[in-house]
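Peer 1: Structure: coords-v2.cif, mmCIF, C-alpha atoms.
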```cif
data_protein
loop_
_atom_site.label_atom_id
_atom_site.label_comp_id
_atom_site.auth_asym_id
_atom_site.auth_seq_id
_atom_site.Cartn_x
_atom_site.Cartn_y
_atom_site.Cartn_z
CA MET A 1 5.69 4.18 2.44
CA CYS A 2 5.12 4.53 -1.28
CA ALA A 3 2.30 2.00 -1.18
CA SER A 4 0.45 4.13 1.35
CA GLY A 5 0.91 7.18 -0.87
CA ALA A 6 -0.45 5.27 -3.85
CA ARG A 7 -3.53 4.34 -1.83
CA VAL A 8 -4.04 7.99 -0.89
CA VAL A 9 -4.05 8.97 -4.56
CA GLN A 10 -6.47 6.16 -5.48
CA THR A 11 -8.90 6.92 -2.65
CA GLU A 12 -8.64 10.71 -2.34
CA ILE A 13 -8.07 11.77 -5.93
CA LEU A 14 -9.52 9.10 -8.19
CA GLU A 15 -12.32 7.34 -6.31
CA GLU A 16 -13.83 10.59 -5.08
CA VAL A 17 -14.86 11.82 -8.52
CA GLN A 18 -15.38 9.88 -11.75
CA GLY A 19 -15.05 11.21 -15.27
CA ASP A 20 -13.62 14.63 -14.66
CA LYS A 21 -10.49 16.28 -15.93
CA ARG A 22 -7.82 14.79 -13.71
CA GLY A 23 -5.10 12.34 -14.69
CA VAL A 24 -2.40 10.45 -12.86
CA LEU A 25 1.00 9.38 -14.20
CA VAL A 26 2.82 6.92 -11.97
CA ASP A 27 6.60 6.67 -12.32
CA TRP A 28 7.57 3.43 -10.56
CA THR A 29 11.32 3.54 -9.97
CA PRO A 30 13.86 1.31 -8.20
CA VAL A 31 15.14 2.76 -4.94
CA LEU A 32 15.18 -0.07 -2.43
CA PRO A 33 17.41 -3.12 -3.00
CA TRP A 34 14.43 -5.42 -3.64
CA ASP A 35 12.67 -3.08 -6.11
CA ASN A 36 12.20 -4.45 -9.60
CA ARG A 37 9.82 -4.33 -12.54
CA ASP A 38 7.81 -7.37 -11.45
CA LYS A 39 7.18 -5.82 -8.05
CA ALA A 40 6.17 -2.53 -9.71
CA LEU A 41 3.71 -4.42 -11.90
CA ALA A 42 2.24 -6.08 -8.82
CA VAL A 43 1.82 -2.89 -6.79
CA ALA A 44 0.45 -0.96 -9.78
CA LYS A 45 -2.82 -2.66 -8.79
CA LEU A 46 -3.01 -0.18 -5.92
CA ILE A 47 -4.02 2.41 -8.52
CA PRO A 48 -6.27 0.47 -10.91
CA ASP A 49 -8.18 3.53 -12.11
CA LYS A 50 -8.34 3.94 -15.90
CA ARG A 51 -7.21 7.57 -15.54
CA ALA A 52 -3.85 6.38 -14.19
CA THR A 53 -0.95 5.47 -16.50
CA HIS A 54 1.94 3.46 -15.10
CA PHE A 55 5.62 3.56 -16.13
CA TRP A 56 8.71 1.61 -15.11
CA ASP A 57 11.62 4.05 -14.83
CA LYS A 58 14.58 1.70 -14.48
CA SER A 59 17.20 4.44 -14.90
CA ARG A 60 15.48 6.67 -12.29
CA ARG A 61 15.45 9.47 -14.84
CA LEU A 62 12.52 11.38 -13.38
CA GLY A 63 13.70 10.99 -9.79
CA LYS A 64 17.09 12.43 -10.72
CA GLU A 65 15.56 15.35 -12.63
CA TYR A 66 13.20 16.33 -9.81
CA GLY A 67 15.89 15.62 -7.25
CA LYS A 68 17.77 18.55 -8.77
CA ALA A 69 14.71 20.77 -9.18
CA LEU A 70 13.05 20.31 -5.77
CA LYS A 71 14.37 21.14 -2.34
CA LEU A 72 13.91 17.74 -0.74
CA PRO A 73 14.15 16.96 2.98
CA GLY A 74 17.62 15.99 4.11
CA GLY A 75 19.17 17.41 0.96
CA SER A 76 18.29 14.28 -1.00
CA THR A 77 19.20 14.45 -4.69
CA LEU A 78 16.83 11.65 -5.71
CA ALA A 79 13.13 12.44 -5.70
CA TRP A 80 11.01 9.44 -4.72
CA ASP A 81 7.86 9.04 -2.70
CA VAL A 82 6.94 12.45 -4.11
CA TYR A 83 3.55 13.60 -5.42
CA LEU A 84 3.68 16.40 -7.97
CA VAL A 85 0.60 18.40 -9.01
CA PHE A 86 0.46 20.26 -12.33
CA ASP A 87 -1.89 22.93 -13.56
CA ALA A 88 -4.01 21.90 -16.56
CA SER A 89 -2.19 24.31 -18.89
CA MET A 90 1.32 23.10 -18.07
CA LEU A 91 3.43 21.76 -20.94
CA TRP A 92 6.57 19.62 -20.75
CA LYS A 93 9.04 21.21 -23.15
CA GLU A 94 12.76 20.46 -22.87
CA ALA A 95 13.11 19.79 -19.15
CA PRO A 96 10.38 18.32 -16.94
CA PRO A 97 8.13 21.20 -15.81
CA ALA A 98 8.16 22.61 -12.30
CA PRO A 99 5.13 21.36 -10.37
CA THR A 100 2.42 23.79 -9.30
CA ASN A 101 2.54 22.12 -5.91
CA TRP A 102 4.09 18.98 -4.48
CA MET A 103 4.16 16.75 -1.43
CA HIS A 104 6.37 13.92 -0.22
CA GLN A 105 6.78 11.24 2.41
CA LEU A 106 10.49 11.76 2.98
CA GLY A 107 10.24 13.50 6.32
CA GLN A 108 8.07 15.61 8.58
CA ASP A 109 7.54 19.11 7.25
CA SER A 110 4.79 21.25 5.78
CA ARG A 111 4.93 19.35 2.47
CA ARG A 112 4.27 15.97 4.09
CA LEU A 113 1.68 14.06 2.01
CA ASP A 114 -1.82 14.74 3.30
CA GLY A 115 -4.72 13.27 1.34
CA ASP A 116 -7.14 16.07 2.22
CA LYS A 117 -4.69 18.81 1.23
CA LEU A 118 -3.80 16.99 -1.98
CA ARG A 119 -7.48 16.64 -2.95
CA GLN A 120 -8.10 20.32 -2.13
CA GLU A 121 -5.18 21.37 -4.32
CA VAL A 122 -6.39 19.25 -7.24
CA ASP A 123 -9.92 20.64 -6.80
CA ARG A 124 -8.55 24.20 -6.69
CA LEU A 125 -6.64 23.68 -9.94
CA LEU A 126 -9.72 22.13 -11.56
CA GLN A 127 -11.65 25.29 -10.69
CA VAL A 128 -8.88 27.45 -12.16
CA ALA A 129 -8.99 25.38 -15.37
CA ALA A 130 -12.80 25.63 -15.55
CA ALA A 131 -12.67 29.40 -15.11
CA ARG A 132 -10.29 29.66 -18.09
CA ARG A 133 -12.68 27.83 -20.40
CA MET B 1 -25.62 -15.55 -9.79
CA LEU B 2 -22.23 -17.18 -9.53
CA ALA B 3 -21.27 -15.82 -12.95
CA VAL B 4 -22.11 -12.28 -11.87
CA ILE B 5 -19.94 -12.55 -8.77
CA CYS B 6 -16.99 -13.90 -10.79
CA LEU B 7 -17.30 -11.04 -13.27
CA ALA B 8 -17.23 -8.49 -10.46
CA VAL B 9 -14.08 -10.03 -8.99
CA SER B 10 -12.44 -10.06 -12.41
CA VAL B 11 -13.12 -6.36 -12.99
CA SER B 12 -11.91 -5.25 -9.56
CA ALA B 13 -8.65 -7.18 -9.97
CA GLU B 14 -7.83 -5.73 -13.38
CA GLN B 15 -4.10 -5.44 -13.90
CA PRO B 16 -2.75 -2.06 -15.05
CA THR B 17 -0.09 -2.22 -17.75
CA LEU B 18 3.43 -0.90 -17.20
CA THR B 19 5.27 1.04 -19.92
CA ASP B 20 9.07 0.94 -19.87
CA LEU B 21 10.62 4.40 -20.00
CA SER B 22 13.52 5.06 -22.33
CA SER B 23 16.54 6.89 -20.92
CA ASP B 24 15.09 10.24 -21.99
CA ALA B 25 11.69 9.49 -20.41
CA ALA B 26 10.02 10.34 -23.72
CA GLN B 27 7.00 8.15 -23.01
CA ILE B 28 5.98 9.97 -19.84
CA LYS B 29 6.65 13.34 -21.47
CA GLU B 30 4.31 12.39 -24.31
CA ALA B 31 1.63 11.19 -21.90
CA PHE B 32 1.97 14.37 -19.85
CA ASN B 33 1.55 16.65 -22.84
CA HIS B 34 -1.23 14.51 -24.29
CA ALA B 35 -3.16 15.16 -21.08
CA THR B 36 -2.84 18.95 -21.31
CA GLY B 37 -6.16 20.42 -20.25
CA MET B 38 -6.31 18.01 -17.34
CA VAL B 39 -4.95 18.62 -13.86
CA ARG B 40 -2.15 16.09 -13.68
CA LEU B 41 -0.66 14.32 -10.72
CA VAL B 42 2.75 12.70 -11.24
CA LEU B 43 3.89 10.20 -8.64
CA ILE B 44 7.50 9.11 -8.37
CA VAL B 45 7.36 6.05 -6.19
CA SER B 46 9.30 2.95 -5.26
CA PRO B 47 7.39 -0.32 -5.48
CA GLY B 48 8.98 -1.48 -2.21
#
```
With the file now loaded, output its structure as structure tokens.
Peer 2:
Amino acid sequence: MCASGARVVQTEILEEVQGDKRGVLVDWTPVLPWDNRDKALAVAKLIPDKRATHFWDKSRRLGKEYGKALKLPGGSTLAWDVYLVFDASMLWKEAPPAPTNWMHQLGQDSRRLDGDKLRQEVDRLLQVAAARR
Amino acid sequence: MLAVICLAVSVSAEQPTLTDLSSDAAQIKEAFNHATGMVRLVLIVSPG
């Protein structure tokens, strides 16, 4: 599931446009019994773009934080297989910031990951950022 | 010609690096704030 989401980000968000003002932070985190750092390093190749930065979050810190902040399908308290979009002006102060928009692959609802919608949202926020400059 | 092909394969298979997060996730916070001015996408994903 997550691998397919990673491919969506690589193909829809990064390959579409080169050299613009978009960045990707990938928080690889253990959820399934066979997840580990070596596997994360291997699948990081799914997003080889230089604008992507990869992290190994062994303690699942980010998933726990956003599990509390987001209303996830099924009442899950661990956020994973989630895709968070942030406005260009957003700053991370004490707690992780609330996303401007987000999608997931945890169930079937209106927030289900859709590559076209994700690209449109990123493009919309890029236009907002350009208008501010 | 062979050398050119090998170079192309090498570039396409480039391995991203993986940064270990501390318990307070300071590294991703720093990267996030460093990229202010960019639209940022944060993925929380399992490698499985």
Peer 1: For Arg7 of chain A, find every residue with an atom within 10 Å (counting only C-alpha atoms), except residues of its own chain fewer than 6 positions away, and show them as a list in words.
Peer 2: Ile13, Leu14, Lys45, Leu46, Ile47 and Gly115 of chain A
Peer 1: Residues of chain A were defined as contacting chain B if any atom lay at most 7 Å from it, counting all atoms listed in the file; please report them as a PyMOL selection string.
Peer 2: chain A and resi 2+21-32+34-35+39-41+43-45+48+54-57+59+61+63+80-92+122+125-126
Peer 1: Would you kindly translate the PyMOL selection byres ((chain A and resi 73) around 12) into the concrete residues it picks from this file, as a ChimeraX atom specification?
Peer 2: /A:67,70-72,74-82,103-112
Peer 1: What is the distance, in Å and to one decimal place, between atom CA of Thr100 of chain A and atom CA of Ala129 of chain A?
Peer 2: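 Separating atom CA of Thr100 of chain A from atom CA of Ala129 of chain A is a distance of 13.0 Å.
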Peer 1: Using only C-alpha atoms, what residues lie at most 10 Å away from (14.7, 24.9, -12.9) (file coordinates), given as a PyMOL selection string?
Peer 2: chain A and resi 65-66+68-70+95-98
Peer 1: What's the separation between atom CA of Leu118 of chain A and atom CA of Thr53 of chain A, in Å to one decimal place?
Peer 2: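 Computed distance, atom CA of Leu118 of chain A to atom CA of Thr53 of chain A, equals 18.8 Å.
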Peer 1: Could you jot down the atom CA of Val9 of chain A to atom CA of Arg119 of chain A separation for me, Å, one decimal place?
Peer 2: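 Distance reported for this atom pair: 8.6 Å.
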Peer 1: Which residue out of A:Asp20, A:Leu113, A:Asp38, A:Val8 has the minimum interatomic distance to Ala130 of chain A when only C-alpha atoms are used?
Peer 2: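 So, comparing all the options, the nearest one is A:Asp20.
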Peer 1: Which is closer to Arg60 of chain A than all the others in A:Pro99, A:Glu16, A:Ser4, A:Asn36, using only C-alpha atoms?
Peer 2: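 Nearest to Arg60 of chain A: A:Asn36.
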Peer 1: Using only C-alpha atoms, pick whichever of A:Arg133, A:Ala42, A:Arg37, A:Thr11 has the shortest atom-to-atom distance to Asp116 of chain A.
Peer 2: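 Among the listed residues, A:Thr11 lies closest to Asp116 of chain A.
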